[in-house]
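A.B. asks: Pasting input.cif below, which is mmCIF, C-alpha atoms.
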data_coords
loop_
_atom_site.label_atom_id
_atom_site.label_comp_id
_atom_site.auth_asym_id
_atom_site.auth_seq_id
_atom_site.Cartn_x
_atom_site.Cartn_y
_atom_site.Cartn_z
CA MET A 1 -73.41 37.09 51.78
CA LYS A 2 -74.42 39.11 54.79
CA ARG A 3 -72.34 38.51 57.92
CA PHE A 4 -74.30 37.73 61.02
CA SER A 5 -73.17 38.77 64.45
CA LEU A 6 -73.52 36.56 67.49
CA GLN A 7 -74.46 39.70 69.36
CA ASP A 8 -77.78 39.50 67.56
CA SER A 9 -78.53 36.04 68.98
CA ASP A 10 -82.02 35.78 70.39
CA HIS A 11 -81.63 33.35 73.26
CA ALA A 12 -85.25 33.58 74.38
CA PHE A 13 -86.32 32.38 70.92
CA VAL A 14 -83.99 29.37 71.06
CA HIS A 15 -85.04 28.56 74.59
CA GLU A 16 -88.75 28.68 73.77
CA ILE A 17 -88.41 26.17 70.96
CA GLU A 18 -86.06 24.05 73.05
CA LEU A 19 -88.71 23.69 75.76
CA SER A 20 -91.17 22.13 73.35
CA ASP A 21 -91.53 18.41 74.18
CA PHE A 22 -91.83 17.45 70.64
CA ILE A 23 -89.26 19.37 68.63
CA GLY A 24 -86.89 20.50 71.34
CA GLY A 25 -83.93 18.17 70.74
CA PHE A 26 -82.18 20.22 68.06
CA ARG A 27 -79.04 20.89 70.14
CA ASP A 28 -78.09 17.25 69.54
CA CYS A 29 -77.15 18.19 65.96
CA TYR A 30 -73.42 17.60 65.38
CA THR A 31 -73.48 19.23 61.92
CA CYS A 32 -72.75 16.08 59.94
CA GLY A 33 -74.70 17.47 56.98
CA THR A 34 -76.69 14.30 56.25
CA CYS A 35 -79.83 16.47 56.10
CA THR A 36 -78.50 18.67 53.32
CA ALA A 37 -76.85 15.80 51.45
CA GLY A 38 -80.19 14.05 50.95
CA CYS A 39 -82.37 17.12 50.41
CA PRO A 40 -84.17 17.10 47.02
CA VAL A 41 -84.68 20.88 47.12
CA HIS A 42 -80.98 21.52 47.86
CA ARG A 43 -80.18 19.47 44.77
CA VAL A 44 -81.93 22.02 42.54
CA ASN A 45 -81.36 25.18 44.59
CA LYS A 46 -78.21 25.46 46.70
CA ASP A 47 -79.62 28.47 48.58
CA TYR A 48 -81.81 26.06 50.46
CA ASP A 49 -79.87 24.23 53.14
CA PRO A 50 -81.50 22.48 56.12
CA LEU A 51 -78.19 22.26 58.03
CA LYS A 52 -77.89 26.05 57.83
CA ILE A 53 -81.40 26.34 59.24
CA MET A 54 -80.46 24.08 62.16
CA ARG A 55 -77.28 26.06 62.87
CA MET A 56 -79.06 29.40 62.61
CA LEU A 57 -81.61 28.10 65.09
CA VAL A 58 -78.97 26.92 67.59
CA LEU A 59 -77.20 30.29 67.30
CA GLY A 60 -80.45 32.19 67.79
CA PHE A 61 -80.63 34.01 64.46
CA ARG A 62 -84.32 34.63 64.83
CA GLU A 63 -84.62 37.55 62.43
CA GLU A 64 -82.71 35.84 59.64
CA LEU A 65 -84.82 32.71 59.97
CA LEU A 66 -88.24 34.28 60.32
CA LYS A 67 -87.84 37.22 57.94
CA GLY A 68 -86.00 35.30 55.23
CA ASN A 69 -87.20 33.07 52.43
CA MET A 70 -85.18 29.92 53.21
CA ILE A 71 -87.66 28.07 55.43
CA TRP A 72 -90.40 28.47 52.81
CA LEU A 73 -88.40 26.44 50.29
CA CYS A 74 -88.72 23.32 52.43
CA SER A 75 -90.92 20.80 50.60
CA ASP A 76 -92.00 19.07 53.81
CA CYS A 77 -90.73 15.75 52.42
CA TYR A 78 -89.19 14.57 55.73
CA THR A 79 -86.05 13.18 54.05
CA CYS A 80 -83.75 15.15 56.39
CA GLN A 81 -85.67 14.13 59.48
CA GLU A 82 -85.74 10.44 58.53
CA ASN A 83 -82.01 10.47 57.75
CA CYS A 84 -80.81 12.42 60.79
CA PRO A 85 -78.51 10.20 62.91
CA MET A 86 -79.44 12.18 66.02
CA GLU A 87 -83.17 11.97 65.32
CA VAL A 88 -83.57 15.72 65.28
CA ARG A 89 -87.10 16.44 64.06
CA ILE A 90 -85.82 18.80 61.39
CA THR A 91 -88.93 18.91 59.20
CA ASP A 92 -91.25 19.36 62.17
CA ILE A 93 -89.00 22.17 63.44
CA ILE A 94 -89.00 23.91 60.05
CA ASN A 95 -92.78 23.62 59.94
CA HIS A 96 -92.98 25.30 63.33
CA LEU A 97 -90.65 28.07 62.09
CA LYS A 98 -93.03 28.59 59.15
CA ASN A 99 -95.81 29.12 61.69
CA LEU A 100 -93.73 31.69 63.58
CA ALA A 101 -92.85 33.46 60.31
CA THR A 102 -96.55 33.58 59.39
CA ARG A 103 -97.23 35.43 62.63
CA GLU A 104 -94.59 37.97 61.54
CA LYS A 105 -96.42 38.33 58.21
CA ASN A 106 -93.65 36.59 56.29
CA VAL A 107 -95.79 34.09 54.44
CA PRO A 108 -96.01 33.25 50.70
CA LEU A 109 -99.22 34.42 49.07
CA GLY A 110 -100.19 30.85 48.11
CA VAL A 111 -100.01 29.72 51.74
CA SER A 112 -101.99 32.65 53.15
CA THR A 113 -104.58 32.28 50.38
CA GLN A 114 -105.19 28.65 51.35
CA LYS A 115 -105.63 29.74 54.96
CA LYS A 116 -108.19 32.33 53.91
CA LEU A 117 -110.06 29.85 51.71
CA LEU A 118 -110.30 27.35 54.54
CA LYS A 119 -111.77 29.95 56.89
CA GLU A 120 -114.34 30.93 54.28
CA GLN A 121 -115.20 27.53 52.85
CA GLY A 122 -113.91 24.81 55.20
CA LYS A 123 -112.24 23.25 52.17
CA ILE A 124 -109.83 24.44 49.50
CA TYR A 125 -112.12 23.87 46.51
CA ILE A 126 -115.83 24.60 46.52
CA ILE A 127 -117.84 21.84 44.92
CA ASP A 128 -120.37 23.86 42.92
CA GLU A 129 -123.27 22.73 40.76
CA PHE A 130 -121.03 22.40 37.74
CA ASP A 131 -118.61 20.14 39.63
CA ASN A 132 -121.44 17.97 40.86
CA LYS A 133 -122.78 17.69 37.31
CA LYS A 134 -119.36 16.52 36.16
CA ARG A 135 -119.26 14.07 39.05
CA ALA A 136 -122.74 12.77 38.25
CA LYS A 137 -121.80 12.29 34.61
CA VAL A 138 -119.13 9.75 35.55
CA GLY A 139 -121.28 8.17 38.26
CA LEU A 140 -119.74 9.80 41.33
CA PRO A 141 -121.97 10.92 44.23
CA ALA A 142 -122.77 14.62 44.79
CA LEU A 143 -120.90 16.48 47.54
CA PRO A 144 -121.85 19.56 49.61
CA GLU A 145 -120.56 22.90 48.34
CA LEU A 146 -118.91 23.98 51.60
CA ALA A 147 -117.78 22.29 54.83
CA GLU A 148 -119.87 24.17 57.39
CA ALA A 149 -118.54 22.55 60.59
CA ALA A 150 -114.96 23.23 59.55
CA LYS A 151 -115.86 26.84 58.80
CA ALA A 152 -117.36 27.22 62.26
CA LEU A 153 -114.29 25.67 63.87
CA LEU A 154 -111.87 28.06 62.17
CA GLN A 155 -114.03 31.18 62.42
CA GLU A 156 -112.41 32.76 65.47
CA ARG A 157 -108.87 31.90 64.50
CA GLU A 158 -106.50 34.62 63.38
CA MET B 1 -114.73 -4.62 55.26
CA GLU B 2 -116.14 -1.16 55.66
CA TYR B 3 -114.46 2.25 55.79
CA GLY B 4 -115.46 5.90 55.79
CA LEU B 5 -114.07 7.31 52.55
CA PHE B 6 -112.03 10.46 53.14
CA LEU B 7 -111.70 12.33 49.85
CA GLY B 8 -110.24 15.63 51.06
CA CYS B 9 -110.31 18.77 48.91
CA THR B 10 -108.29 17.99 45.81
CA ILE B 11 -109.59 14.58 44.76
CA PRO B 12 -113.33 15.31 44.32
CA ALA B 13 -112.61 18.57 42.49
CA ARG B 14 -109.45 17.81 40.51
CA SER B 15 -108.65 14.08 40.55
CA ARG B 16 -111.86 12.30 39.64
CA ASN B 17 -109.76 9.72 37.79
CA TYR B 18 -108.22 8.58 41.08
CA GLU B 19 -111.58 8.52 42.84
CA LEU B 20 -113.23 6.54 40.03
CA ALA B 21 -110.47 3.95 39.86
CA ALA B 22 -110.24 3.55 43.63
CA ARG B 23 -114.00 3.05 43.96
CA ALA B 24 -114.03 0.53 41.11
CA VAL B 25 -111.14 -1.49 42.51
CA ALA B 26 -112.48 -1.34 46.08
CA SER B 27 -115.89 -2.57 45.01
CA ARG B 28 -114.39 -5.46 43.04
CA LEU B 29 -112.38 -6.48 46.12
CA GLY B 30 -115.36 -6.31 48.48
CA VAL B 31 -114.20 -3.18 50.27
CA GLU B 32 -117.21 -1.02 51.11
CA LEU B 33 -116.42 2.71 51.01
CA ILE B 34 -119.00 4.79 52.84
CA ASP B 35 -119.46 8.40 51.74
CA ILE B 36 -119.56 10.81 54.66
CA GLU B 37 -120.70 14.30 53.64
CA GLU B 38 -119.55 15.94 56.87
CA PHE B 39 -115.83 15.33 56.21
CA SER B 40 -114.00 18.55 55.36
CA CYS B 41 -110.41 19.54 54.63
CA CYS B 42 -107.96 17.35 56.53
CA GLY B 43 -106.02 20.36 57.83
CA PHE B 44 -102.80 19.77 55.89
CA PRO B 45 -102.93 23.07 53.94
CA LEU B 46 -103.03 24.92 57.27
CA GLU B 47 -100.07 23.14 58.84
CA ALA B 48 -97.44 25.65 57.71
CA SER B 49 -99.40 28.74 58.72
CA ASP B 50 -101.64 27.64 61.61
CA GLU B 51 -100.57 24.31 63.08
CA ARG B 52 -103.17 24.42 65.84
CA GLY B 53 -105.93 25.09 63.31
CA ALA B 54 -104.69 22.16 61.25
CA LEU B 55 -104.79 19.91 64.29
CA LEU B 56 -108.34 21.04 65.07
CA LEU B 57 -109.59 20.31 61.56
CA ALA B 58 -107.96 16.89 61.52
CA ALA B 59 -109.33 16.08 64.99
CA MET B 60 -112.82 17.11 63.88
CA ASN B 61 -112.66 14.69 60.95
CA LEU B 62 -111.47 11.91 63.23
CA CYS B 63 -114.45 12.61 65.53
CA ILE B 64 -116.86 12.37 62.59
CA ALA B 65 -115.57 8.89 61.75
CA GLU B 66 -115.77 7.89 65.42
CA GLU B 67 -119.40 8.93 65.59
CA ARG B 68 -120.17 6.80 62.55
CA GLY B 69 -118.24 3.91 64.06
CA VAL B 70 -115.95 3.42 61.07
CA ASP B 71 -112.25 3.47 60.34
CA ILE B 72 -111.05 5.91 57.68
CA CYS B 73 -109.82 5.06 54.19
CA VAL B 74 -107.74 7.90 52.73
CA LEU B 75 -106.75 8.28 49.09
CA CYS B 76 -104.52 11.37 49.37
CA SER B 77 -101.17 10.87 51.09
CA ALA B 78 -101.13 14.40 52.53
CA CYS B 79 -104.55 13.79 54.13
CA ALA B 80 -103.36 10.38 55.37
CA SER B 81 -100.34 11.90 57.04
CA MET B 82 -102.25 14.83 58.58
CA LEU B 83 -104.97 12.62 60.03
CA THR B 84 -102.55 9.91 61.20
CA LYS B 85 -100.19 12.44 62.75
CA THR B 86 -103.04 14.12 64.61
CA ALA B 87 -104.32 10.81 65.97
CA TYR B 88 -100.75 9.98 67.04
CA HIS B 89 -100.32 13.24 68.95
CA LEU B 90 -103.76 13.19 70.54
CA ASP B 91 -103.23 9.59 71.63
CA HIS B 92 -99.78 10.27 73.11
CA ASP B 93 -100.30 13.67 74.71
CA ARG B 94 -103.14 13.87 77.20
CA LYS B 95 -102.68 17.60 77.76
CA LEU B 96 -102.92 18.34 74.05
CA ARG B 97 -105.99 16.14 73.74
CA ASP B 98 -107.73 18.05 76.54
CA GLN B 99 -106.89 21.38 74.90
CA ILE B 100 -108.18 20.24 71.52
CA ASN B 101 -111.35 18.80 73.06
CA GLN B 102 -112.02 22.11 74.82
CA GLU B 103 -112.21 23.71 71.39
CA LEU B 104 -114.06 20.87 69.70
CA VAL B 105 -116.84 21.10 72.25
CA LYS B 106 -117.94 24.33 70.52
CA ILE B 107 -119.04 22.28 67.54
CA GLY B 108 -120.31 19.41 69.66
CA LYS B 109 -117.37 17.05 69.14
CA ASP B 110 -115.15 15.10 71.50
CA TYR B 111 -112.09 13.14 70.39
CA LYS B 112 -111.83 9.68 71.92
CA GLY B 113 -109.37 8.01 69.59
CA ARG B 114 -111.48 5.19 68.21
CA ALA B 115 -111.12 5.56 64.47
CA GLN B 116 -108.08 4.19 62.71
CA VAL B 117 -106.70 5.99 59.66
CA LYS B 118 -105.33 4.01 56.73
CA HIS B 119 -104.22 4.90 53.26
CA PHE B 120 -106.10 3.00 50.54
CA ALA B 121 -102.92 1.16 49.49
CA ARG B 122 -102.29 0.05 53.05
CA ILE B 123 -105.83 -1.32 53.27
CA LEU B 124 -105.23 -3.28 50.07
CA LEU B 125 -102.13 -4.84 51.51
CA GLU B 126 -103.08 -5.37 55.15
CA ASP B 127 -106.84 -5.89 55.11
CA VAL B 128 -107.65 -7.20 51.62
CA GLY B 129 -104.47 -9.18 51.09
CA LEU B 130 -102.52 -10.23 48.04
CA GLU B 131 -104.40 -13.46 47.51
CA ARG B 132 -107.73 -11.73 46.97
CA ILE B 133 -106.07 -9.19 44.72
CA ARG B 134 -104.43 -11.90 42.59
CA LYS B 135 -107.78 -13.67 42.17
CA GLN B 136 -109.29 -10.64 40.42
CA VAL B 137 -106.61 -10.40 37.73
CA LYS B 138 -108.20 -10.94 34.32
CA ARG B 139 -105.74 -9.25 32.01
CA ASP B 140 -102.06 -10.06 31.78
CA LEU B 141 -99.96 -6.94 32.42
CA LYS B 142 -96.75 -8.81 31.80
CA GLY B 143 -94.19 -6.55 30.29
CA LEU B 144 -95.73 -3.33 31.60
CA LYS B 145 -92.70 -1.62 33.11
CA VAL B 146 -93.75 0.55 36.00
CA ALA B 147 -91.65 3.03 37.99
CA THR B 148 -93.25 3.61 41.38
CA HIS B 149 -93.12 7.00 43.07
CA TYR B 150 -93.96 6.48 46.75
CA GLY B 151 -94.15 10.15 47.57
CA CYS B 152 -93.40 11.48 51.01
CA HIS B 153 -96.46 11.51 53.20
CA TYR B 154 -97.54 7.98 52.35
CA LEU B 155 -94.52 6.83 54.40
CA LYS B 156 -93.34 9.77 56.47
CA PRO B 157 -92.88 10.91 59.14
CA SER B 158 -92.28 7.26 60.01
CA TYR B 159 -92.93 7.70 63.75
CA ILE B 160 -96.67 7.98 63.04
CA TYR B 161 -96.98 4.98 60.71
CA GLU B 162 -96.22 1.95 62.91
CA ASP B 163 -93.50 0.69 60.53
CA PHE B 164 -96.01 -0.54 57.95
CA ASP B 165 -93.35 0.18 55.31
CA ASP B 166 -89.71 1.26 55.43
CA PRO B 167 -89.18 4.84 54.21
CA GLN B 168 -85.51 4.04 53.52
CA ASP B 169 -86.43 1.10 51.29
CA PRO B 170 -90.16 1.15 50.59
CA LYS B 171 -91.79 -1.89 49.04
CA THR B 172 -95.56 -1.95 49.69
CA LEU B 173 -96.74 -0.40 46.41
CA GLU B 174 -94.45 -2.58 44.32
CA ILE B 175 -95.66 -5.70 46.12
CA ILE B 176 -99.21 -4.83 45.03
CA LEU B 177 -98.08 -4.15 41.45
CA GLU B 178 -96.31 -7.47 41.34
CA ALA B 179 -99.50 -9.19 42.50
CA VAL B 180 -101.40 -7.76 39.51
CA GLY B 181 -98.66 -8.86 37.11
CA ALA B 182 -96.84 -5.62 36.33
CA THR B 183 -93.05 -5.42 36.18
CA ASN B 184 -91.38 -3.09 38.68
CA VAL B 185 -88.45 -1.08 37.39
CA GLN B 186 -85.92 0.59 39.67
CA TYR B 187 -84.53 4.08 39.15
CA ARG B 188 -82.26 6.53 40.95
CA ARG B 189 -83.83 8.87 43.48
CA LYS B 190 -86.93 6.75 43.78
CA LYS B 191 -87.51 8.10 47.27
CA ASP B 192 -87.34 11.77 46.29
CA CYS B 193 -90.20 14.21 46.71
CA CYS B 194 -92.42 15.44 43.83
CA GLY B 195 -91.80 19.07 44.86
CA GLY B 196 -95.52 19.76 45.22
CA PRO B 197 -95.60 21.60 48.56
CA VAL B 198 -93.05 24.17 47.30
CA LEU B 199 -95.42 25.12 44.47
CA LEU B 200 -97.05 27.64 46.81
CA SER B 201 -93.80 29.45 47.61
CA ASP B 202 -91.49 28.95 44.60
CA GLU B 203 -92.91 27.43 41.44
CA GLN B 204 -89.55 27.17 39.67
CA VAL B 205 -87.98 25.18 42.49
CA ALA B 206 -91.01 22.90 42.69
CA LEU B 207 -90.99 22.13 38.97
CA SER B 208 -87.22 21.54 38.99
CA VAL B 209 -87.62 18.93 41.74
CA ALA B 210 -90.28 17.14 39.65
CA GLU B 211 -88.14 17.39 36.52
CA GLU B 212 -85.21 15.64 38.23
CA LYS B 213 -87.43 12.68 38.93
CA LEU B 214 -89.05 12.54 35.49
CA LYS B 215 -85.56 12.38 33.95
CA GLN B 216 -84.57 9.41 36.10
CA VAL B 217 -87.76 7.53 35.26
CA ARG B 218 -87.45 8.23 31.54
CA ASP B 219 -83.81 7.12 31.51
CA VAL B 220 -84.62 3.61 32.76
CA GLY B 221 -87.23 3.14 30.04
CA ALA B 222 -90.34 2.82 32.20
CA ASP B 223 -93.71 2.66 30.39
CA CYS B 224 -95.42 4.65 33.11
CA MET B 225 -95.19 6.00 36.61
CA ASN B 226 -97.29 4.68 39.49
CA LEU B 227 -98.37 6.85 42.43
CA VAL B 228 -100.94 7.24 45.21
CA CYS B 229 -101.31 10.98 45.85
CA PRO B 230 -103.13 13.73 43.90
CA PHE B 231 -100.36 16.30 44.59
CA CYS B 232 -97.70 14.01 43.18
CA SER B 233 -99.95 13.43 40.18
CA LEU B 234 -100.36 17.17 39.71
CA MET B 235 -96.59 17.57 39.56
CA PHE B 236 -95.80 14.65 37.25
CA ASP B 237 -98.95 14.37 35.11
CA ALA B 238 -100.72 17.75 34.90
CA ASN B 239 -97.47 19.77 34.99
CA GLN B 240 -95.48 17.46 32.71
CA LYS B 241 -96.18 19.44 29.54
CA GLY B 242 -95.12 22.69 31.24
CA ILE B 243 -91.92 21.11 32.56
CA GLU B 244 -91.15 19.85 29.05
CA ALA B 245 -91.70 23.30 27.55
CA ASN B 246 -89.55 24.95 30.23
CA SER B 247 -86.64 22.56 30.16
CA GLY B 248 -86.53 21.33 26.56
CA ASN B 249 -86.73 17.75 27.85
CA GLU B 250 -89.19 15.31 26.35
CA PHE B 251 -90.85 12.78 28.61
CA ASN B 252 -94.25 11.80 27.24
CA LEU B 253 -94.58 9.57 30.30
CA PRO B 254 -98.04 8.36 31.36
CA VAL B 255 -98.60 8.77 35.10
CA LEU B 256 -101.17 6.41 36.60
CA TYR B 257 -102.66 6.02 40.03
CA LEU B 258 -102.13 2.61 41.60
CA PRO B 259 -105.84 1.66 41.33
CA GLN B 260 -105.81 2.63 37.64
CA ILE B 261 -103.07 0.07 36.99
CA MET B 262 -104.83 -2.51 39.17
CA GLY B 263 -108.08 -1.73 37.35
CA LEU B 264 -106.46 -2.43 33.99
CA ALA B 265 -105.41 -5.83 35.29
CA PHE B 266 -108.93 -6.42 36.68
CA GLY B 267 -110.38 -5.82 33.21
CA PHE B 268 -112.10 -2.46 33.79
CA SER B 269 -112.58 -0.13 30.83
CA ARG B 270 -110.72 3.09 30.17
CA LYS B 271 -113.70 5.19 31.27
CA GLU B 272 -114.41 3.17 34.39
CA LEU B 273 -110.87 3.97 35.54
CA GLY B 274 -110.97 7.62 34.46
CA LEU B 275 -107.95 7.07 32.21
CA ASN B 276 -109.52 9.53 29.75
CA LEU B 277 -109.07 12.19 32.47
CA ASN B 278 -105.30 11.75 32.78
CA SER B 279 -103.27 14.63 31.34
CA VAL B 280 -100.61 12.59 29.55
CA SER B 281 -102.37 10.17 27.21
CA THR B 282 -102.44 6.55 28.36
CA LYS B 283 -103.90 5.20 25.07
CA GLU B 284 -100.72 3.70 23.71
CA LEU B 285 -100.05 1.95 26.99
CA GLU B 286 -103.61 0.55 27.13
CA SER B 287 -103.53 -0.69 23.53
CA ALA B 288 -100.78 -3.14 24.47
CA PHE B 289 -103.23 -4.97 26.73
CA GLU B 290 -106.41 -4.89 24.69
CA GLY B 291 -108.27 -7.98 23.60
#
Could you spell out this file's structure in structure tokens?
C.D. replies:
Amino acid sequence: MKRFSLQDSDHAFVHEIELSDFIGGFRDCYTCGTCTAGCPVHRVNKDYDPLKIMRMLVLGFREELLKGNMIWLCSDCYTCQENCPMEVRITDIINHLKNLATREKNVPLGVSTQKKLLKEQGKIYIIDEFDNKKRAKVGLPALPELAEAAKALLQERE
Amino acid sequence: MEYGLFLGCTIPARSRNYELAARAVASRLGVELIDIEEFSCCGFPLEASDERGALLLAAMNLCIAEERGVDICVLCSACASMLTKTAYHLDHDRKLRDQINQELVKIGKDYKGRAQVKHFARILLEDVGLERIRKQVKRDLKGLKVATHYGCHYLKPSYIYEDFDDPQDPKTLEIILEAVGATNVQYRRKKDCCGGPVLLSDEQVALSVAEEKLKQVRDVGADCMNLVCPFCSLMFDANQKGIEANSGNEFNLPVLYLPQIMGLAFGFSRKELGLNLNSVSTKELESAFEG
């Protein structure tokens, strides 16, 4: 495994997240490991480790966090956050890190595709004529093909 | 009892069985579900890549319900969590609400915080009540052993959900099952995730998470699984055959939505509940309760 150097710590990065009202309390972590112990993804893939993410964040390893794959293995299940004795909002923090990684172009194709679809359609799946026929056949009401207001709302977003 | 029905993206396109069963059960219980064409994506799929965009979409949907003067009934747990979380933040953070409203004004919306968001199962428990549910039971489900998968976003994050259930020891879905006469079976790792959200970044990891759970449910001899979210259903029902092929395990485990099980007890037919649209066949299970 690659050795990290504390000289690479990005303090501005840590400070910026720390200032956030909502997810800023991560320094309270006393590394008990309850997060990792309960994590369903860790159970099947030991490379994924929420405690490591929390420590890397406290130590300011911005590059490793935002350029790596680890944060994208989080299943957003909130088990770690619910179990944390210090009430660190671990899942919400990891979600925010995913947003920062997206800005650095480190984003899985599936996630960026959904983003693109929403900008174009306002919903993930278009409901076309064929879908509405299938819906009608079982007695379900027809739905519009696209979500126009949502499209308009997202239009100017990056 | 009247609610705006929030279907989201996945249910109308991919989970018509859930929609059919929920509408059937709601109508039998006197819950009026109003279709609102303007509703769009809840915002959840944007949360990992554009959290502000996700918040905007969710807020827009909340505004649409407000304008119609209805509370929202949600079938998908991811939609429920996205909409509830957004309402929570906008109601607790005045600055954030002002920022979001500045953007919503472009499409003629203004969030005021008047519409409540509730998952369908929560409506059944809190607004309909067990007594009315029990009264509709026409078929005895005794002996049907059901393993409930709560999923994550139905309960969590708990700070948004006003303690309506306990994520460390959830009970609400099993209370409803008990009311319609099914037998709840317990299994290890009941609270674990289906793996669904990882599907977009690492399919193998996602399917392994689902496989762990299927093994636990099979090992306690459950007749079927019970759930309330189309993503969880995708993982356990639609992907079950693939997981079997990959891992050499055999499950052959029917996976039903809560209203499909309730609908069986209420005497609805297979087609009325969309059971013919489930991936893993439910025929054997149904035949035990025919006649």
A.B. asks: Could you write out as a list in words the residues of chain A within 6 Å of chain B, counting all atoms listed in the file?
C.D. replies: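 For chain A, the answer reads Leu73, Ser75, Cys77, Asn95, Lys98, Asn99, Thr102, Pro108, Gly110, Lys115, Lys123, Ile124, Tyr125 and Ala147 of chain A.
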A.B. asks: Taking the file above as input, evaluate the PyMOL selection byres ((chain B and resi 67) around 12) and report the hits as a count of residues only.
C.D. replies: 24
A.B. asks: With only C-alpha atoms as the counted atoms, please give the residues lying no more than 6 Å from B:Ala222, apart from itself and same-chain residues fewer than 2 positions off, as a VMD selection string.
C.D. replies: chain B and resid 145 to 147 220 224
A.B. asks: Work out how far atom CA of B:Lys85 is from atom CA of A:Tyr78, in Å to one decimal.
C.D. replies: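 Computing it gives 13.2 Å between the two atoms.
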A.B. asks: Using all atoms listed in the file for the distances, tell me which of B:Lys118, B:Arg97, B:Arg134, B:Lys190 is nearest to B:Thr148.
C.D. replies: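 Nearest candidate to B:Thr148 out of B:Lys118, B:Arg97, B:Arg134, B:Lys190: B:Lys190.
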A.B. asks: Do you know which residues the PyMOL selection byres ((chain A and resi 44-55) around 10) returns on this file, as a ChimeraX atom specification?
C.D. replies: /A:26-27,29-43,56-61,64-65,69-74,80-81,88,90-91,93-94,97 /B:204-209,211-212
A.B. asks: Can you pull out every residue within 9 Å of B:Cys76, counting all atoms listed in the file, but drop anything in the same chain fewer than 4 positions away, and send it as a PDB file with C-alpha atoms, in the frame of the given file?
C.D. replies:
ATOM      1  CA  PHE B   6    -112.030  10.460  53.140  1.00  0.00           C
ATOM      2  CA  LEU B   7    -111.700  12.330  49.850  1.00  0.00           C
ATOM      3  CA  GLY B   8    -110.240  15.630  51.060  1.00  0.00           C
ATOM      4  CA  THR B  10    -108.290  17.990  45.810  1.00  0.00           C
ATOM      5  CA  ILE B  11    -109.590  14.580  44.760  1.00  0.00           C
ATOM      6  CA  ALA B  80    -103.360  10.380  55.370  1.00  0.00           C
ATOM      7  CA  SER B  81    -100.340  11.900  57.040  1.00  0.00           C
ATOM      8  CA  HIS B 119    -104.220   4.900  53.260  1.00  0.00           C
ATOM      9  CA  PHE B 120    -106.100   3.000  50.540  1.00  0.00           C
ATOM     10  CA  HIS B 153     -96.460  11.510  53.200  1.00  0.00           C
ATOM     11  CA  TYR B 154     -97.540   7.980  52.350  1.00  0.00           C
ATOM     12  CA  VAL B 228    -100.940   7.240  45.210  1.00  0.00           C
ATOM     13  CA  CYS B 229    -101.310  10.980  45.850  1.00  0.00           C
ATOM     14  CA  PRO B 230    -103.130  13.730  43.900  1.00  0.00           C
ATOM     15  CA  PHE B 231    -100.360  16.300  44.590  1.00  0.00           C
TER      16      PHE B 231
END
A.B. asks: Please compute the atom CA of A:Gly122-atom CA of A:Ala149 distance, one decimal, in Å.
C.D. replies: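 Separating atom CA of A:Gly122 from atom CA of A:Ala149 is a distance of 7.5 Å.
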A.B. asks: Counting only C-alpha atoms, what is within 7 Å of A:Leu66, bar same-chain residues fewer than 2 positions away, as a list of chain:residue names?
C.D. replies: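 Surrounding residues, per the criterion: A:Arg62, A:Glu63, A:Glu64, A:Gly68, A:Leu97, A:Leu100, A:Ala101.
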A.B. asks: Quick one: of A:Leu140, A:Leu146, A:Ala152, A:Ala12, who's nearest to A:Asp128, counting only C-alpha atoms?
C.D. replies: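 Checking each of A:Leu140, A:Leu146, A:Ala152, A:Ala12 against A:Asp128, counting only C-alpha atoms, the winner is A:Leu146.
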A.B. asks: Which residues are close to B:Val31, i.e. within 12 Å by only C-alpha atoms, leaving aside same-chain residues fewer than 2 positions away? Reply as a short mmCIF file (atom, residue, chain, number, x, y, z; two decimals) with C-alpha atoms, keeping the file's coordinate frame.
C.D. replies:
data_model
loop_
_atom_site.label_atom_id
_atom_site.label_comp_id
_atom_site.auth_asym_id
_atom_site.auth_seq_id
_atom_site.Cartn_x
_atom_site.Cartn_y
_atom_site.Cartn_z
CA MET B 1 -114.73 -4.62 55.26
CA GLU B 2 -116.14 -1.16 55.66
CA TYR B 3 -114.46 2.25 55.79
CA GLY B 4 -115.46 5.90 55.79
CA LEU B 5 -114.07 7.31 52.55
CA ALA B 22 -110.24 3.55 43.63
CA ARG B 23 -114.00 3.05 43.96
CA ALA B 24 -114.03 0.53 41.11
CA VAL B 25 -111.14 -1.49 42.51
CA ALA B 26 -112.48 -1.34 46.08
CA SER B 27 -115.89 -2.57 45.01
CA ARG B 28 -114.39 -5.46 43.04
CA LEU B 29 -112.38 -6.48 46.12
CA LEU B 33 -116.42 2.71 51.01
CA ILE B 34 -119.00 4.79 52.84
CA CYS B 73 -109.82 5.06 54.19
CA PHE B 120 -106.10 3.00 50.54
CA ILE B 123 -105.83 -1.32 53.27
CA LEU B 124 -105.23 -3.28 50.07
CA ASP B 127 -106.84 -5.89 55.11
CA VAL B 128 -107.65 -7.20 51.62
CA GLY B 129 -104.47 -9.18 51.09
CA ARG B 132 -107.73 -11.73 46.97
CA ILE B 133 -106.07 -9.19 44.72
#
A.B. asks: Pick out the closest residue to B:Leu277 from this set: B:Asp91, B:Gln186, B:Ala21, B:Leu258. Count all atoms listed in the file.
C.D. replies: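 Under the stated criterion, the closest residue is B:Ala21.
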